[in-house]
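Novice: Sharing start07.pdb (PDB, C-alpha atoms, pLDDT in the B column) below.
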ATOM      1  CA  MET A1332       5.233  73.257 106.010  1.00 44.00           C
ATOM      2  CA  GLY A1333       8.632  71.597 106.147  1.00 46.00           C
ATOM      3  CA  GLY A1334      11.309  72.025 103.518  1.00 48.00           C
ATOM      4  CA  PRO A1335      12.157  69.462 100.877  1.00 47.00           C
ATOM      5  CA  ALA A1336      13.678  66.213 102.066  1.00 43.00           C
ATOM      6  CA  VAL A1337      17.449  66.119 101.874  1.00 46.00           C
ATOM      7  CA  THR A1338      18.682  63.050 100.051  1.00 63.00           C
ATOM      8  CA  ALA A1339      22.221  61.707 100.181  1.00 74.00           C
ATOM      9  CA  SER A1340      24.342  62.212  97.095  1.00 90.00           C
ATOM     10  CA  LYS A1341      25.586  59.188  95.191  1.00 93.00           C
ATOM     11  CA  ALA A1342      29.089  59.921  96.492  1.00 93.00           C
ATOM     12  CA  ASP A1343      27.739  59.829 100.058  1.00 93.00           C
ATOM     13  CA  VAL A1344      25.996  56.521  99.348  1.00 94.00           C
ATOM     14  CA  ALA A1345      29.214  55.067  97.933  1.00 95.00           C
ATOM     15  CA  TYR A1346      31.228  56.382 100.895  1.00 92.00           C
ATOM     16  CA  GLN A1347      28.873  54.808 103.429  1.00 88.00           C
ATOM     17  CA  ALA A1348      28.825  51.528 101.506  1.00 92.00           C
ATOM     18  CA  ILE A1349      32.618  51.278 101.498  1.00 91.00           C
ATOM     19  CA  VAL A1350      32.872  52.213 105.182  1.00 83.00           C
ATOM     20  CA  ALA A1351      30.249  49.558 105.970  1.00 80.00           C
ATOM     21  CA  GLY A1352      32.310  47.052 103.987  1.00 83.00           C
ATOM     22  CA  ILE A1353      35.377  47.914 106.069  1.00 77.00           C
ATOM     23  CA  GLN A1354      33.410  47.592 109.309  1.00 68.00           C
ATOM     24  CA  ALA A1355      31.972  44.227 108.226  1.00 68.00           C
ATOM     25  CA  GLN A1356      35.473  43.043 107.190  1.00 68.00           C
ATOM     26  CA  ARG A1357      34.421  42.622 103.567  1.00 81.00           C
ATOM     27  CA  TYR A1358      37.426  44.790 102.810  1.00 84.00           C
ATOM     28  CA  GLU A1359      40.583  43.816 104.711  1.00 77.00           C
ATOM     29  CA  PRO A1360      43.874  45.735 104.955  1.00 75.00           C
ATOM     30  CA  GLY A1361      45.595  45.524 101.580  1.00 81.00           C
ATOM     31  CA  ASP A1362      42.408  44.723  99.664  1.00 88.00           C
ATOM     32  CA  ARG A1363      42.071  46.564  96.367  1.00 92.00           C
ATOM     33  CA  LEU A1364      38.939  48.639  95.892  1.00 94.00           C
ATOM     34  CA  VAL A1365      37.860  48.131  92.278  1.00 94.00           C
ATOM     35  CA  LEU A1366      35.875  51.181  91.223  1.00 94.00           C
ATOM     36  CA  ALA A1367      33.949  49.464  88.442  1.00 95.00           C
ATOM     37  CA  GLN A1368      32.956  46.569  90.691  1.00 95.00           C
ATOM     38  CA  ILE A1369      31.748  48.816  93.508  1.00 96.00           C
ATOM     39  CA  ALA A1370      29.893  51.030  91.032  1.00 96.00           C
ATOM     40  CA  ALA A1371      28.127  47.987  89.558  1.00 96.00           C
ATOM     41  CA  GLU A1372      27.143  46.746  93.025  1.00 95.00           C
ATOM     42  CA  LEU A1373      25.674  50.152  93.860  1.00 95.00           C
ATOM     43  CA  ASP A1374      24.118  50.641  90.417  1.00 95.00           C
ATOM     44  CA  MET A1375      25.900  53.925  89.737  1.00 95.00           C
ATOM     45  CA  SER A1376      28.735  55.245  87.602  1.00 96.00           C
ATOM     46  CA  VAL A1377      32.359  55.189  88.732  1.00 95.00           C
ATOM     47  CA  VAL A1378      32.423  58.990  89.183  1.00 96.00           C
ATOM     48  CA  PRO A1379      30.734  59.104  92.644  1.00 96.00           C
ATOM     49  CA  VAL A1380      32.691  56.013  93.723  1.00 96.00           C
ATOM     50  CA  ARG A1381      35.924  57.762  92.796  1.00 95.00           C
ATOM     51  CA  GLU A1382      34.804  60.804  94.806  1.00 96.00           C
ATOM     52  CA  ALA A1383      34.014  58.587  97.809  1.00 95.00           C
ATOM     53  CA  ILE A1384      37.436  56.947  97.625  1.00 95.00           C
ATOM     54  CA  ARG A1385      39.131  60.350  97.520  1.00 94.00           C
ATOM     55  CA  ARG A1386      37.294  61.224 100.721  1.00 91.00           C
ATOM     56  CA  LEU A1387      38.422  57.951 102.294  1.00 90.00           C
ATOM     57  CA  GLN A1388      41.987  58.776 101.244  1.00 88.00           C
ATOM     58  CA  SER A1389      41.742  62.113 103.058  1.00 86.00           C
ATOM     59  CA  GLU A1390      40.711  60.174 106.183  1.00 79.00           C
ATOM     60  CA  ASN A1391      43.630  57.731 105.775  1.00 77.00           C
ATOM     61  CA  LEU A1392      41.303  54.751 105.456  1.00 80.00           C
ATOM     62  CA  VAL A1393      42.342  54.165 101.851  1.00 88.00           C
ATOM     63  CA  ALA A1394      45.716  54.567 100.135  1.00 88.00           C
ATOM     64  CA  TYR A1395      46.432  54.948  96.437  1.00 85.00           C
ATOM     65  CA  GLU A1396      49.316  52.922  95.030  1.00 81.00           C
ATOM     66  CA  ARG A1397      50.624  53.427  91.534  1.00 81.00           C
ATOM     67  CA  ASN A1398      49.903  50.490  89.230  1.00 82.00           C
ATOM     68  CA  VAL A1399      47.691  49.002  91.962  1.00 83.00           C
ATOM     69  CA  GLY A1400      44.964  51.521  92.641  1.00 90.00           C
ATOM     70  CA  ALA A1401      43.038  52.219  95.841  1.00 92.00           C
ATOM     71  CA  THR A1402      43.666  49.799  98.703  1.00 91.00           C
ATOM     72  CA  VAL A1403      42.347  49.554 102.261  1.00 87.00           C
ATOM     73  CA  VAL A1404      44.844  50.469 104.954  1.00 80.00           C
ATOM     74  CA  GLY A1405      45.050  49.384 108.576  1.00 65.00           C
ATOM     75  CA  ILE A1406      45.561  51.655 111.569  1.00 61.00           C
ATOM     76  CA  ASP A1407      48.689  51.142 113.657  1.00 69.00           C
ATOM     77  CA  PRO A1408      48.749  51.574 117.463  1.00 75.00           C
ATOM     78  CA  VAL A1409      50.192  55.089 117.205  1.00 81.00           C
ATOM     79  CA  GLU A1410      47.393  56.206 114.896  1.00 80.00           C
ATOM     80  CA  TYR A1411      44.869  54.511 117.174  1.00 84.00           C
ATOM     81  CA  GLN A1412      46.155  56.611 120.078  1.00 89.00           C
ATOM     82  CA  THR A1413      46.087  59.886 118.162  1.00 91.00           C
ATOM     83  CA  THR A1414      42.616  59.106 116.821  1.00 89.00           C
ATOM     84  CA  MET A1415      41.287  58.366 120.315  1.00 92.00           C
ATOM     85  CA  GLU A1416      42.857  61.512 121.750  1.00 95.00           C
ATOM     86  CA  THR A1417      41.354  63.650 119.003  1.00 95.00           C
ATOM     87  CA  LEU A1418      37.969  61.964 119.332  1.00 95.00           C
ATOM     88  CA  ALA A1419      38.024  62.567 123.101  1.00 96.00           C
ATOM     89  CA  LEU A1420      38.343  66.293 122.457  1.00 96.00           C
ATOM     90  CA  VAL A1421      35.756  66.709 119.697  1.00 96.00           C
ATOM     91  CA  GLU A1422      33.213  64.199 121.016  1.00 96.00           C
ATOM     92  CA  GLY A1423      33.472  65.622 124.529  1.00 96.00           C
ATOM     93  CA  PHE A1424      32.770  69.120 123.205  1.00 96.00           C
ATOM     94  CA  SER A1425      29.986  67.933 120.899  1.00 95.00           C
ATOM     95  CA  THR A1426      28.279  65.945 123.675  1.00 96.00           C
ATOM     96  CA  ALA A1427      28.343  68.930 126.036  1.00 96.00           C
ATOM     97  CA  GLN A1428      27.104  71.287 123.329  1.00 95.00           C
ATOM     98  CA  CYS A1429      24.217  68.969 122.423  1.00 95.00           C
ATOM     99  CA  ALA A1430      23.242  68.155 126.028  1.00 96.00           C
ATOM    100  CA  PRO A1431      20.618  70.937 126.454  1.00 95.00           C
ATOM    101  CA  LEU A1432      18.821  69.710 123.328  1.00 94.00           C
ATOM    102  CA  ILE A1433      18.548  66.052 124.321  1.00 95.00           C
ATOM    103  CA  THR A1434      14.951  65.099 125.080  1.00 95.00           C
ATOM    104  CA  GLU A1435      13.639  62.818 127.814  1.00 96.00           C
ATOM    105  CA  ALA A1436      12.729  60.284 125.120  1.00 96.00           C
ATOM    106  CA  GLU A1437      16.292  60.307 123.798  1.00 96.00           C
ATOM    107  CA  LEU A1438      17.712  59.907 127.296  1.00 97.00           C
ATOM    108  CA  GLU A1439      15.453  56.890 127.734  1.00 97.00           C
ATOM    109  CA  THR A1440      16.653  55.477 124.407  1.00 97.00           C
ATOM    110  CA  ALA A1441      20.269  55.873 125.546  1.00 98.00           C
ATOM    111  CA  ARG A1442      19.473  54.197 128.893  1.00 98.00           C
ATOM    112  CA  LYS A1443      17.905  51.215 127.124  1.00 98.00           C
ATOM    113  CA  ILE A1444      21.006  50.833 124.949  1.00 98.00           C
ATOM    114  CA  ASN A1445      23.191  51.023 128.051  1.00 98.00           C
ATOM    115  CA  ASP A1446      21.000  48.397 129.738  1.00 97.00           C
ATOM    116  CA  LYS A1447      21.700  46.049 126.816  1.00 97.00           C
ATOM    117  CA  MET A1448      25.403  46.676 127.328  1.00 96.00           C
ATOM    118  CA  ARG A1449      25.033  46.062 131.071  1.00 97.00           C
ATOM    119  CA  ALA A1450      23.358  42.724 130.378  1.00 96.00           C
ATOM    120  CA  GLN A1451      26.559  41.580 128.661  1.00 94.00           C
ATOM    121  CA  VAL A1452      28.875  42.641 131.476  1.00 93.00           C
ATOM    122  CA  ASP A1453      26.799  41.282 134.357  1.00 92.00           C
ATOM    123  CA  GLY A1454      26.427  37.831 132.810  1.00 87.00           C
ATOM    124  CA  ARG A1455      22.775  37.953 131.799  1.00 89.00           C
ATOM    125  CA  GLU A1456      23.910  37.664 128.192  1.00 91.00           C
ATOM    126  CA  GLU A1457      27.099  36.372 126.587  1.00 89.00           C
ATOM    127  CA  PHE A1458      29.754  39.063 126.195  1.00 88.00           C
ATOM    128  CA  ASP A1459      30.182  39.811 122.488  1.00 85.00           C
ATOM    129  CA  PRO A1460      32.896  42.481 121.929  1.00 80.00           C
ATOM    130  CA  PRO A1461      31.846  43.483 118.360  1.00 75.00           C
ATOM    131  CA  GLU A1462      28.173  43.758 119.368  1.00 86.00           C
ATOM    132  CA  PHE A1463      29.134  45.611 122.545  1.00 89.00           C
ATOM    133  CA  THR A1464      31.161  48.044 120.452  1.00 85.00           C
ATOM    134  CA  GLN A1465      28.209  48.618 118.106  1.00 87.00           C
ATOM    135  CA  LEU A1466      25.902  49.275 121.058  1.00 93.00           C
ATOM    136  CA  ASN A1467      28.512  51.671 122.405  1.00 93.00           C
ATOM    137  CA  LYS A1468      28.439  53.634 119.154  1.00 91.00           C
ATOM    138  CA  GLN A1469      24.626  53.708 119.182  1.00 94.00           C
ATOM    139  CA  PHE A1470      24.667  55.034 122.743  1.00 97.00           C
ATOM    140  CA  HIS A1471      27.022  57.894 121.956  1.00 95.00           C
ATOM    141  CA  SER A1472      25.236  58.714 118.701  1.00 93.00           C
ATOM    142  CA  VAL A1473      22.109  59.550 120.686  1.00 95.00           C
ATOM    143  CA  LEU A1474      24.128  62.117 122.637  1.00 94.00           C
ATOM    144  CA  PHE A1475      25.998  63.935 119.871  1.00 92.00           C
ATOM    145  CA  GLU A1476      23.643  63.935 116.888  1.00 88.00           C
ATOM    146  CA  HIS A1477      22.078  67.302 117.849  1.00 84.00           C
ATOM    147  CA  HIS A1478      25.115  68.820 116.160  1.00 72.00           C
ATOM    148  CA  GLN A1479      25.498  72.519 116.830  1.00 77.00           C
ATOM    149  CA  ASN A1480      28.824  72.807 115.031  1.00 88.00           C
ATOM    150  CA  ALA A1481      28.823  71.058 111.655  1.00 89.00           C
ATOM    151  CA  HIS A1482      32.618  70.916 111.462  1.00 92.00           C
ATOM    152  CA  ILE A1483      33.004  69.323 114.898  1.00 93.00           C
ATOM    153  CA  HIS A1484      30.176  66.908 114.098  1.00 91.00           C
ATOM    154  CA  ASP A1485      32.023  65.884 110.941  1.00 91.00           C
ATOM    155  CA  LEU A1486      35.233  65.344 112.922  1.00 92.00           C
ATOM    156  CA  VAL A1487      33.380  63.109 115.394  1.00 93.00           C
ATOM    157  CA  HIS A1488      32.114  60.903 112.571  1.00 90.00           C
ATOM    158  CA  ARG A1489      35.563  60.817 110.969  1.00 88.00           C
ATOM    159  CA  GLY A1490      37.000  59.624 114.275  1.00 89.00           C
ATOM    160  CA  TRP A1491      34.445  56.839 114.599  1.00 88.00           C
ATOM    161  CA  ASN A1492      35.100  55.780 110.998  1.00 82.00           C
ATOM    162  CA  ARG A1493      38.855  55.656 111.620  1.00 80.00           C
ATOM    163  CA  LEU A1494      38.279  53.475 114.675  1.00 81.00           C
ATOM    164  CA  ALA A1495      35.991  51.205 112.646  1.00 74.00           C
ATOM    165  CA  ALA A1496      38.888  50.587 110.267  1.00 66.00           C
ATOM    166  CA  LEU A1497      40.655  48.721 113.076  1.00 61.00           C
ATOM    167  CA  ARG A1498      38.122  45.947 112.454  1.00 52.00           C
ATOM    168  CA  SER A1499      38.423  44.853 116.059  1.00 56.00           C
ATOM    169  CA  SER A1500      37.013  45.872 119.395  1.00 60.00           C
ATOM    170  CA  THR A1501      39.066  47.452 122.164  1.00 72.00           C
ATOM    171  CA  PHE A1502      36.794  45.572 124.556  1.00 74.00           C
ATOM    172  CA  ALA A1503      38.078  42.266 123.135  1.00 67.00           C
ATOM    173  CA  TYR A1504      41.524  43.152 124.514  1.00 66.00           C
ATOM    174  CA  VAL A1505      40.389  44.751 127.778  1.00 77.00           C
ATOM    175  CA  PRO A1506      36.983  43.214 128.638  1.00 74.00           C
ATOM    176  CA  GLY A1507      37.233  44.617 132.149  1.00 82.00           C
ATOM    177  CA  ARG A1508      36.895  48.075 130.642  1.00 89.00           C
ATOM    178  CA  ALA A1509      33.361  47.221 129.480  1.00 91.00           C
ATOM    179  CA  GLU A1510      31.882  47.275 132.989  1.00 93.00           C
ATOM    180  CA  GLU A1511      33.573  50.592 133.776  1.00 94.00           C
ATOM    181  CA  SER A1512      32.295  52.015 130.483  1.00 95.00           C
ATOM    182  CA  VAL A1513      28.682  51.145 131.306  1.00 97.00           C
ATOM    183  CA  ALA A1514      29.005  52.834 134.706  1.00 97.00           C
ATOM    184  CA  GLU A1515      30.483  55.951 133.084  1.00 97.00           C
ATOM    185  CA  HIS A1516      27.606  56.009 130.592  1.00 98.00           C
ATOM    186  CA  GLU A1517      25.156  56.084 133.491  1.00 98.00           C
ATOM    187  CA  GLN A1518      27.062  58.934 135.106  1.00 98.00           C
ATOM    188  CA  LEU A1519      27.019  60.881 131.836  1.00 98.00           C
ATOM    189  CA  LEU A1520      23.261  60.403 131.427  1.00 98.00           C
ATOM    190  CA  ASN A1521      22.668  61.624 134.981  1.00 98.00           C
ATOM    191  CA  LEU A1522      24.734  64.745 134.326  1.00 98.00           C
ATOM    192  CA  ILE A1523      22.758  65.539 131.173  1.00 97.00           C
ATOM    193  CA  LYS A1524      19.413  64.876 132.869  1.00 97.00           C
ATOM    194  CA  SER A1525      20.308  67.145 135.801  1.00 97.00           C
ATOM    195  CA  GLY A1526      21.296  69.993 133.492  1.00 97.00           C
ATOM    196  CA  ALA A1527      24.926  70.007 134.607  1.00 98.00           C
ATOM    197  CA  ALA A1528      27.283  72.714 133.390  1.00 98.00           C
ATOM    198  CA  PHE A1529      28.903  72.480 129.958  1.00 97.00           C
ATOM    199  CA  ALA A1530      32.391  72.013 131.446  1.00 98.00           C
ATOM    200  CA  GLU A1531      31.278  69.156 133.704  1.00 98.00           C
ATOM    201  CA  ILE A1532      29.609  67.231 130.869  1.00 98.00           C
ATOM    202  CA  GLU A1533      32.482  67.922 128.465  1.00 98.00           C
ATOM    203  CA  ASN A1534      35.027  66.690 131.023  1.00 98.00           C
ATOM    204  CA  ALA A1535      33.044  63.514 131.775  1.00 98.00           C
ATOM    205  CA  ALA A1536      32.602  62.666 128.074  1.00 97.00           C
ATOM    206  CA  ARG A1537      36.242  63.425 127.255  1.00 98.00           C
ATOM    207  CA  GLN A1538      37.602  61.436 130.209  1.00 97.00           C
ATOM    208  CA  HIS A1539      35.310  58.523 129.343  1.00 97.00           C
ATOM    209  CA  ARG A1540      36.986  58.239 125.941  1.00 95.00           C
ATOM    210  CA  LEU A1541      40.487  58.641 127.398  1.00 96.00           C
ATOM    211  CA  ASN A1542      39.794  55.944 130.007  1.00 95.00           C
ATOM    212  CA  THR A1543      39.230  53.443 127.198  1.00 91.00           C
ATOM    213  CA  LEU A1544      42.426  54.541 125.490  1.00 91.00           C
ATOM    214  CA  ASN A1545      44.421  54.274 128.723  1.00 92.00           C
ATOM    215  CA  ALA A1546      43.059  50.782 129.408  1.00 89.00           C
ATOM    216  CA  TYR A1547      44.168  49.678 125.936  1.00 84.00           C
ATOM    217  CA  LEU A1548      47.617  51.266 126.306  1.00 85.00           C
ATOM    218  CA  GLN A1549      48.126  49.536 129.662  1.00 85.00           C
ATOM    219  CA  HIS A1550      47.133  46.235 128.045  1.00 77.00           C
ATOM    220  CA  THR A1551      49.607  46.643 125.178  1.00 73.00           C
ATOM    221  CA  GLU A1552      52.357  47.692 127.597  1.00 74.00           C
ATOM    222  CA  HIS A1553      51.839  44.590 129.736  1.00 66.00           C
ATOM    223  CA  THR A1554      51.692  42.379 126.642  1.00 58.00           C
ATOM    224  CA  THR A1555      54.970  43.832 125.372  1.00 58.00           C
ATOM    225  CA  GLU A1556      56.624  43.280 128.752  1.00 61.00           C
ATOM    226  CA  ARG A1557      55.445  39.636 128.893  1.00 58.00           C
ATOM    227  CA  ASN A1558      56.675  38.942 125.369  1.00 51.00           C
ATOM    228  CA  ALA A1559      60.057  40.488 126.170  1.00 59.00           C
ATOM    229  CA  SER A1560      60.568  38.427 129.331  1.00 57.00           C
TER     230      SER A1560
END
Represent the supplied structure as structure tokens.
Specialist:
Amino acid sequence: MGGPAVTASKADVAYQAIVAGIQAQRYEPGDRLVLAQIAAELDMSVVPVREAIRRLQSENLVAYERNVGATVVGIDPVEYQTTMETLALVEGFSTAQCAPLITEAELETARKINDKMRAQVDGREEFDPPEFTQLNKQFHSVLFEHHQNAHIHDLVHRGWNRLAALRSSTFAYVPGRAEESVAEHEQLLNLIKSGAAFAEIENAARQHRLNTLNAYLQHTEHTTERNAS
């Protein structure tokens, strides 16, 4: 017999609802998060909403201003870089640690997601950066959700949430990176399927994340140079 089902706390529900609002651009940078309003929407008291906002503050997604309250913050390019670098480390480790536990069915699920991404880069479907980014998250979630280290797993999710607060897709700025990303996904799946060593999988997953960061940094550098000339 299995144990009792684990249900999310009200604070967790509120946290996820606010994060979803940020991702869907319901809450823009500078928007005030009104506790009573959010609590009413979620049919709960303000106590769990306040707890959720404190958690968002610890993740630098929300700031508290005196006489204003909790407001949504944006992420500047420097924070984007540090977030991506950190995520490369923890997600690479988590992916390699989870690799032996990934089933054939899950590998097939990841391949199907990657095929949908490939359809957008090879012209079979219109390229949609936000949708592509969502598919990208779904792909990686299949690979790191067999969390062996709860703390690292939490850091991975924090990194994804911080990136979501950008409210834009890296692939919108560097669409050429999308095709490379799909190819790297395929390589990563092949490594996992073949039972490659931890270090090889960790390096591939980490470098995959850093390649996206480097493509974005090169784009911003070229844009800055053009604007200065």
Novice: With all atoms listed in the file as the counted atoms, please give the residues lying no more than 12 Å from Leu1373 of chain A, apart from itself and same-chain residues fewer than 4 positions off, as a list in words.
Specialist: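 Residues near the query, excluding close chain neighbours: Lys1341, Ala1342, Asp1343, Val1344, Ala1345, Tyr1346, Gln1347, Ala1348, Ile1349, Leu1366, Ala1367, Gln1368, Ile1369, Val1377, Pro1379 and Val1380 of chain A.
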Novice: Quick one: which residues end up in the PyMOL selection byres ((chain A and resi 1514) around 12) for this structure, as a ChimeraX atom specification?
Specialist: /A:1442,1445-1446,1448-1449,1452-1453,1507-1513,1515-1521,1535,1539
Novice: Would you mind exporting C-alpha atoms of the selected residues as a CSV table (one decimal), in the frame of the given file?
Specialist:
chain,number,residue,atom,x,y,z
A,1442,ARG,CA,19.5,54.2,128.9
A,1445,ASN,CA,23.2,51.0,128.1
A,1446,ASP,CA,21.0,48.4,129.7
A,1448,MET,CA,25.4,46.7,127.3
A,1449,ARG,CA,25.0,46.1,131.1
A,1452,VAL,CA,28.9,42.6,131.5
A,1453,ASP,CA,26.8,41.3,134.4
A,1507,GLY,CA,37.2,44.6,132.1
A,1508,ARG,CA,36.9,48.1,130.6
A,1509,ALA,CA,33.4,47.2,129.5
A,1510,GLU,CA,31.9,47.3,133.0
A,1511,GLU,CA,33.6,50.6,133.8
A,1512,SER,CA,32.3,52.0,130.5
A,1513,VAL,CA,28.7,51.1,131.3
A,1515,GLU,CA,30.5,56.0,133.1
A,1516,HIS,CA,27.6,56.0,130.6
A,1517,GLU,CA,25.2,56.1,133.5
A,1518,GLN,CA,27.1,58.9,135.1
A,1519,LEU,CA,27.0,60.9,131.8
A,1520,LEU,CA,23.3,60.4,131.4
A,1521,ASN,CA,22.7,61.6,135.0
A,1535,ALA,CA,33.0,63.5,131.8
A,1539,HIS,CA,35.3,58.5,129.3
Novice: Given the file shown, determine the residues that the PyMOL selection byres ((chain A and resi 1399) around 12) selects; report them as an MDAnalysis selection string.
Specialist: chainID A and resid 1361:1365 1394:1398 1400:1403
Novice: Output the residue selection produced by the PyMOL selection byres ((chain A and resi 1432-1438) around 8) on the file above, formatted as an MDAnalysis selection string.
Specialist: chainID A and resid 1429:1431 1439:1442 1473:1474 1477 1520 1524
Novice: Considering all atoms listed in the file, state which residue in the set A:Glu1462, A:Glu1552, A:Glu1382, A:Glu1533 is at the smallest distance from Thr1426 of chain A.
Specialist: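 Looking only at the distances to Thr1426 of chain A, the closest residue turns out to be A:Glu1533.
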Novice: If we count only C-alpha atoms, what is near Thr1414 of chain A at a cut-off of 12 Å, once residues fewer than 3 positions away on the same chain are taken out, given as a ChimeraX atom specification?
Specialist: /A:1390-1391,1406-1411,1417-1422,1486-1497,1540-1541,1544
